[in-house]
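Colleague: Let me begin by handing over the structure; questions about it come next.
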Amino acid sequence: MIKAPYLLFIGDATDKLSIKMAQGPVDWSPDQCLGELSVTGCTVTTGLPQLSIEQAAKMGAKSFVLGFANSGGVLDAKWHDVIKQALEQGLDVVSGLHQKLADIDDLAQLASNLGRQLIDIRHPQQSFKTGTGEKRSGKRLLTVGTDCSVGKMYTSLALEKEMKAQQLDVDFRATGQCGILIKGKGVAIDCVISDFISGATESLSPDNKDEHWDIIEGQGSLSHPAFAGVSLGLLHGSQPDAIVICHALNRSHMRGLPNSQFPSIADTINLNLQAARLTNPNVYIAGIAINTSSVSIKKGQEICRAIGQKFGLACVDPLRDGVTSIVSHLQLPPPKITATNDSSLKNHGEKITDMAKRA
């Protein structure tokens with residue numbers, strides 16, 4: 001059990017995307033966050049006040065959250081002393097890294113001596129079965145991306161928030177460490193053994209009432225060489241009725257892979273629909289969510305409007321514009337998918353992608 005409130009540690013981060021484990025709770029569960037702690041060299045912030053560990057403890061902080069991510073997910077040894085200080089001040093320590101805090105002997109020993117918890121939320125404690133692909137009751141929406149870190153979690157949470165506001169029966173299903181921290185439960189799907197990814201997703205979103213929606217947080221991208229395997233298992237296990245495509249402007253290559261090709265929105269739609277039909281032949285695209293933060297609000301709205309018109313879909317920036325138009329589409333009868341529908345998308349792909357890149 002993760003105890004709030006949190007002190008969010010962002011270390012010496014210089015990439016805003018690398019502190020999503022801290023920024024996510026600030027944006028979606030701010031009442032659980034007291035402040036942030038950074039060190040010399042850090043050039044980004046969550047916007048919360050700077051607090052020392054001692055100050056946060058006196059203010060009632062219960063957990064010290066490692067709010068950064070890095071390639072490989074290994075904890076740098078330079079942060080061991082900071083974690084020890086947090087334990088000594090009476091805080092539990094929460095990590096979303098691949099490397100387990102519990103496997104670092106001196107940290108584990110100190111936590112045990114002090115009666116504190118080391119919480120590795122990325123590592124599932126339960127066991128899973130392989131997926132079956134059998135039809136489940138209830139409705140499901142999965143967010144997928146042209147790339148990783150394009151806003152799948154934020155889009156999913158925005159959809160849940162809007163649907164709840166409209167009195168719809170809906171739940172967000174977290175599949176990553178940040179979503180788990182925000183909601184308090186879920187499965188970090190990228191730490192599940194590959195044979196069991198689809199089965200783990202099925203268990204995360206079981207049978208439900210016919211009118212209930214599960215909004216399942218997407219991971220990675222089917223076009224990303226490093227993460228496509230996770231994305232595919234999640235797609236099959238989600239058995240989505242609806243898919244929302246997520247995209248970020250001004251990317252020329254896949255995140256972390258400068259020599260890679262970036263897919264078009266049309267290619268992303270076709271790739272995901274084709275793969276999703278293995279477990280739900282009637283899957284459809286419910287909308288497109290664009291992270292337009294790299295351009296002005298006006299320019300972002302122009303781009304969204306153009307993309308929406310080309311694809312005949314609701315297209316918005318979830319944080320700037322809201323997701324009402326996508327939710328409205330979910331309440332319409334699902335469209336019938338034909339080969340003609342799919343092939344028509346290919347005619348729009350390159351033009352739209354080029355426009356988005358030039359923005």
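By order in the structure tokens, chains are A, B, ...; within a chain, residues start at 1; ligands start at 1, following the order shown.
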Report as a Markdown table: every residue of region 63-138 of chain A with an atom at most 8 Å from region 279-292 of chain A, its closest pair of atoms, and their distance in Å to one decimal, counting only C-alpha atoms, with rows sorted by chain and ascending residue number.
Modeller:
| residue | atom | partner | partner_atom | distance |
| --- | --- | --- | --- | --- |
| A:Gly133 | CA | A:Thr279 | CA | 5.3 |
| A:Glu134 | CA | A:Thr279 | CA | 7.4 |
| A:Lys135 | CA | A:Thr279 | CA | 7.6 |
Colleague: For the residues in that selection, give me all heavy atoms as an mmCIF file, in the first residue's frame.
Modeller:
data_model
loop_
_atom_site.group_PDB
_atom_site.id
_atom_site.type_symbol
_atom_site.label_atom_id
_atom_site.label_comp_id
_atom_site.auth_asym_id
_atom_site.auth_seq_id
_atom_site.Cartn_x
_atom_site.Cartn_y
_atom_site.Cartn_z
ATOM 1 N N GLY A 133 -8.108 -14.944 -25.504
ATOM 2 C CA GLY A 133 -8.788 -14.259 -26.595
ATOM 3 C C GLY A 133 -10.292 -14.421 -26.569
ATOM 4 O O GLY A 133 -10.991 -13.957 -27.482
ATOM 5 N N GLU A 134 -10.832 -15.070 -25.535
ATOM 6 C CA GLU A 134 -12.281 -15.272 -25.457
ATOM 7 C C GLU A 134 -13.000 -13.949 -25.189
ATOM 8 O O GLU A 134 -12.527 -13.114 -24.423
ATOM 9 C CB GLU A 134 -12.606 -16.286 -24.351
ATOM 10 C CG GLU A 134 -12.100 -17.695 -24.651
ATOM 11 C CD GLU A 134 -12.421 -18.669 -23.543
ATOM 12 O OE1 GLU A 134 -13.068 -18.255 -22.552
ATOM 13 O OE2 GLU A 134 -12.012 -19.837 -23.649
ATOM 14 N N LYS A 135 -14.152 -13.782 -25.812
ATOM 15 C CA LYS A 135 -14.918 -12.549 -25.689
ATOM 16 C C LYS A 135 -15.325 -12.302 -24.248
ATOM 17 O O LYS A 135 -15.821 -13.192 -23.557
ATOM 18 C CB LYS A 135 -16.162 -12.630 -26.581
ATOM 19 C CG LYS A 135 -17.070 -11.412 -26.497
ATOM 20 C CD LYS A 135 -16.383 -10.176 -27.030
ATOM 21 C CE LYS A 135 -17.325 -8.968 -27.012
ATOM 22 N NZ LYS A 135 -16.624 -7.710 -27.383
#
Colleague: Any idea what's packed within 10 Å of Thr132 (chain A), counting only C-alpha atoms, ignoring anything in its chain fewer than 2 positions away? Could you give it as a PyMOL selection string?
Modeller: chain A and resi 129-130+134-135+198-199+202+236-237+279
Colleague: So which residues touch Leu37 (chain A) within 10 Å, counting only C-alpha atoms, skipping near sequence neighbours fewer than 6 positions away, as a list of chain:residue names?
Modeller: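 Those residues are A:Leu7, A:Leu8, A:Phe9, A:Ile10, A:Gly11, A:Asp12, A:Thr45, A:Thr46, A:Leu48, A:Pro49, A:Gln50, A:Leu51, A:Ser52, A:Ile53, A:Ala56, A:Phe64, A:Val65, A:Leu66, A:Gly67.
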Colleague: Dump N, CA and C atoms for the selected residues as a PDB file, in the first residue's frame?
Modeller:
ATOM      1  N   LEU A   7       6.730  13.053  -1.296  1.00  0.00           N
ATOM      2  CA  LEU A   7       7.806  13.953  -1.715  1.00  0.00           C
ATOM      3  C   LEU A   7       8.362  13.346  -2.989  1.00  0.00           C
ATOM      4  N   LEU A   8       8.367  14.122  -4.077  1.00  0.00           N
ATOM      5  CA  LEU A   8       8.762  13.633  -5.389  1.00  0.00           C
ATOM      6  C   LEU A   8      10.220  13.991  -5.667  1.00  0.00           C
ATOM      7  N   PHE A   9      11.055  12.989  -5.851  1.00  0.00           N
ATOM      8  CA  PHE A   9      12.486  13.203  -6.085  1.00  0.00           C
ATOM      9  C   PHE A   9      12.770  13.106  -7.580  1.00  0.00           C
ATOM     10  N   ILE A  10      13.256  14.211  -8.174  1.00  0.00           N
ATOM     11  CA  ILE A  10      13.540  14.215  -9.610  1.00  0.00           C
ATOM     12  C   ILE A  10      15.036  14.295  -9.913  1.00  0.00           C
ATOM     13  N   GLY A  11      15.874  14.258  -8.867  1.00  0.00           N
ATOM     14  CA  GLY A  11      17.316  14.157  -9.054  1.00  0.00           C
ATOM     15  C   GLY A  11      17.889  15.297  -9.865  1.00  0.00           C
ATOM     16  N   ASP A  12      18.708  14.955 -10.869  1.00  0.00           N
ATOM     17  CA  ASP A  12      19.335  15.971 -11.719  1.00  0.00           C
ATOM     18  C   ASP A  12      18.810  15.870 -13.150  1.00  0.00           C
ATOM     19  N   THR A  45      11.195  20.854 -13.765  1.00  0.00           N
ATOM     20  CA  THR A  45      10.452  20.897 -12.503  1.00  0.00           C
ATOM     21  C   THR A  45       9.018  20.438 -12.726  1.00  0.00           C
ATOM     22  N   THR A  46       8.406  19.945 -11.659  1.00  0.00           N
ATOM     23  CA  THR A  46       6.980  19.602 -11.704  1.00  0.00           C
ATOM     24  C   THR A  46       6.116  20.826 -11.421  1.00  0.00           C
ATOM     25  N   LEU A  48       6.014  22.074  -8.344  1.00  0.00           N
ATOM     26  CA  LEU A  48       5.778  22.065  -6.898  1.00  0.00           C
ATOM     27  C   LEU A  48       6.928  22.763  -6.166  1.00  0.00           C
ATOM     28  N   PRO A  49       6.688  23.213  -4.934  1.00  0.00           N
ATOM     29  CA  PRO A  49       7.768  23.848  -4.168  1.00  0.00           C
ATOM     30  C   PRO A  49       8.877  22.864  -3.838  1.00  0.00           C
ATOM     31  N   GLN A  50      10.090  23.389  -3.764  1.00  0.00           N
ATOM     32  CA  GLN A  50      11.244  22.588  -3.375  1.00  0.00           C
ATOM     33  C   GLN A  50      11.210  22.353  -1.865  1.00  0.00           C
ATOM     34  N   LEU A  51      11.369  21.101  -1.468  1.00  0.00           N
ATOM     35  CA  LEU A  51      11.408  20.746  -0.051  1.00  0.00           C
ATOM     36  C   LEU A  51      12.578  19.808   0.189  1.00  0.00           C
ATOM     37  N   SER A  52      13.219  19.948   1.340  1.00  0.00           N
ATOM     38  CA  SER A  52      14.202  18.945   1.741  1.00  0.00           C
ATOM     39  C   SER A  52      13.460  17.734   2.298  1.00  0.00           C
ATOM     40  N   ILE A  53      14.171  16.647   2.448  1.00  0.00           N
ATOM     41  CA  ILE A  53      13.540  15.454   3.024  1.00  0.00           C
ATOM     42  C   ILE A  53      13.073  15.743   4.440  1.00  0.00           C
ATOM     43  N   ALA A  56       9.911  17.889   4.377  1.00  0.00           N
ATOM     44  CA  ALA A  56       8.749  17.113   3.942  1.00  0.00           C
ATOM     45  C   ALA A  56       8.266  16.191   5.053  1.00  0.00           C
ATOM     46  N   PHE A  64       8.542   8.679  -0.259  1.00  0.00           N
ATOM     47  CA  PHE A  64       9.561   9.346  -1.068  1.00  0.00           C
ATOM     48  C   PHE A  64       9.543   8.657  -2.433  1.00  0.00           C
ATOM     49  N   VAL A  65       9.051   9.353  -3.442  1.00  0.00           N
ATOM     50  CA  VAL A  65       8.840   8.753  -4.761  1.00  0.00           C
ATOM     51  C   VAL A  65      10.000   9.097  -5.687  1.00  0.00           C
ATOM     52  N   LEU A  66      10.640   8.073  -6.246  1.00  0.00           N
ATOM     53  CA  LEU A  66      11.666   8.305  -7.257  1.00  0.00           C
ATOM     54  C   LEU A  66      10.949   8.674  -8.542  1.00  0.00           C
ATOM     55  N   GLY A  67      10.937   9.950  -8.852  1.00  0.00           N
ATOM     56  CA  GLY A  67      10.094  10.465  -9.915  1.00  0.00           C
ATOM     57  C   GLY A  67      10.740  10.540 -11.272  1.00  0.00           C
TER      58      GLY A  67
END
Colleague: So which residues of region 39-235 of chain A fall under strand (DSSP E) by DSSP, listed as an MDAnalysis selection string?
Modeller: chainID A and resid 63:66 92:95 118:120 139:145 170:173 213:216
Colleague: Using DSSP on the backbone coordinates, identify the residues of region 61-126 of chain A assigned to helix (DSSP H, G or I); present them as JSON, numbers by chain.
Modeller: {"A": [77, 78, 79, 80, 81, 82, 83, 84, 85, 86, 87, 88, 101, 102, 103, 105, 106, 107, 108, 109, 110, 111, 112, 113, 114]}
Colleague: Name the residues in contact with Gly300 (chain A) at a cut-off of 10 Å, using only C-alpha atoms, excluding same-chain residues fewer than 4 positions from it; report them as a VMD selection string.
Modeller: chain A and resid 249 290 to 296 304 to 306 316 to 317 320 to 321 356 359
Colleague: Atoms to include: C-alpha atoms. Write the selected residues as a PDB file, in the first residue's frame.
Modeller:
ATOM      1  CA  LEU A 249       3.969  16.871 -32.897  1.00  0.00           C
ATOM      2  CA  ILE A 290      -2.503  15.021 -30.406  1.00  0.00           C
ATOM      3  CA  ASN A 291       0.045  16.439 -27.968  1.00  0.00           C
ATOM      4  CA  THR A 292       0.357  19.961 -29.406  1.00  0.00           C
ATOM      5  CA  SER A 293       2.441  21.406 -26.558  1.00  0.00           C
ATOM      6  CA  SER A 294       5.334  22.172 -28.932  1.00  0.00           C
ATOM      7  CA  VAL A 295       3.257  24.751 -30.837  1.00  0.00           C
ATOM      8  CA  SER A 296       0.855  27.564 -29.942  1.00  0.00           C
ATOM      9  CA  CYS A 304      -6.064  18.983 -35.051  1.00  0.00           C
ATOM     10  CA  ARG A 305      -8.854  20.352 -37.202  1.00  0.00           C
ATOM     11  CA  ALA A 306      -7.031  19.436 -40.417  1.00  0.00           C
ATOM     12  CA  VAL A 316      -8.071  17.041 -30.133  1.00  0.00           C
ATOM     13  CA  ASP A 317      -5.308  17.856 -27.724  1.00  0.00           C
ATOM     14  CA  ARG A 320      -5.831  21.934 -24.229  1.00  0.00           C
ATOM     15  CA  ASP A 321      -9.133  21.051 -25.883  1.00  0.00           C
ATOM     16  CA  ALA A 356       2.457  17.671 -38.270  1.00  0.00           C
ATOM     17  CA  ALA A 359       4.399  22.512 -37.285  1.00  0.00           C
TER      18      ALA A 359
END
Colleague: Separation of CA of Met254 (chain A) and CA of Leu273 (chain A), in Å?
Modeller: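 Interatomic distance, CA of Met254 (chain A) to CA of Leu273 (chain A): 20.4 Å.
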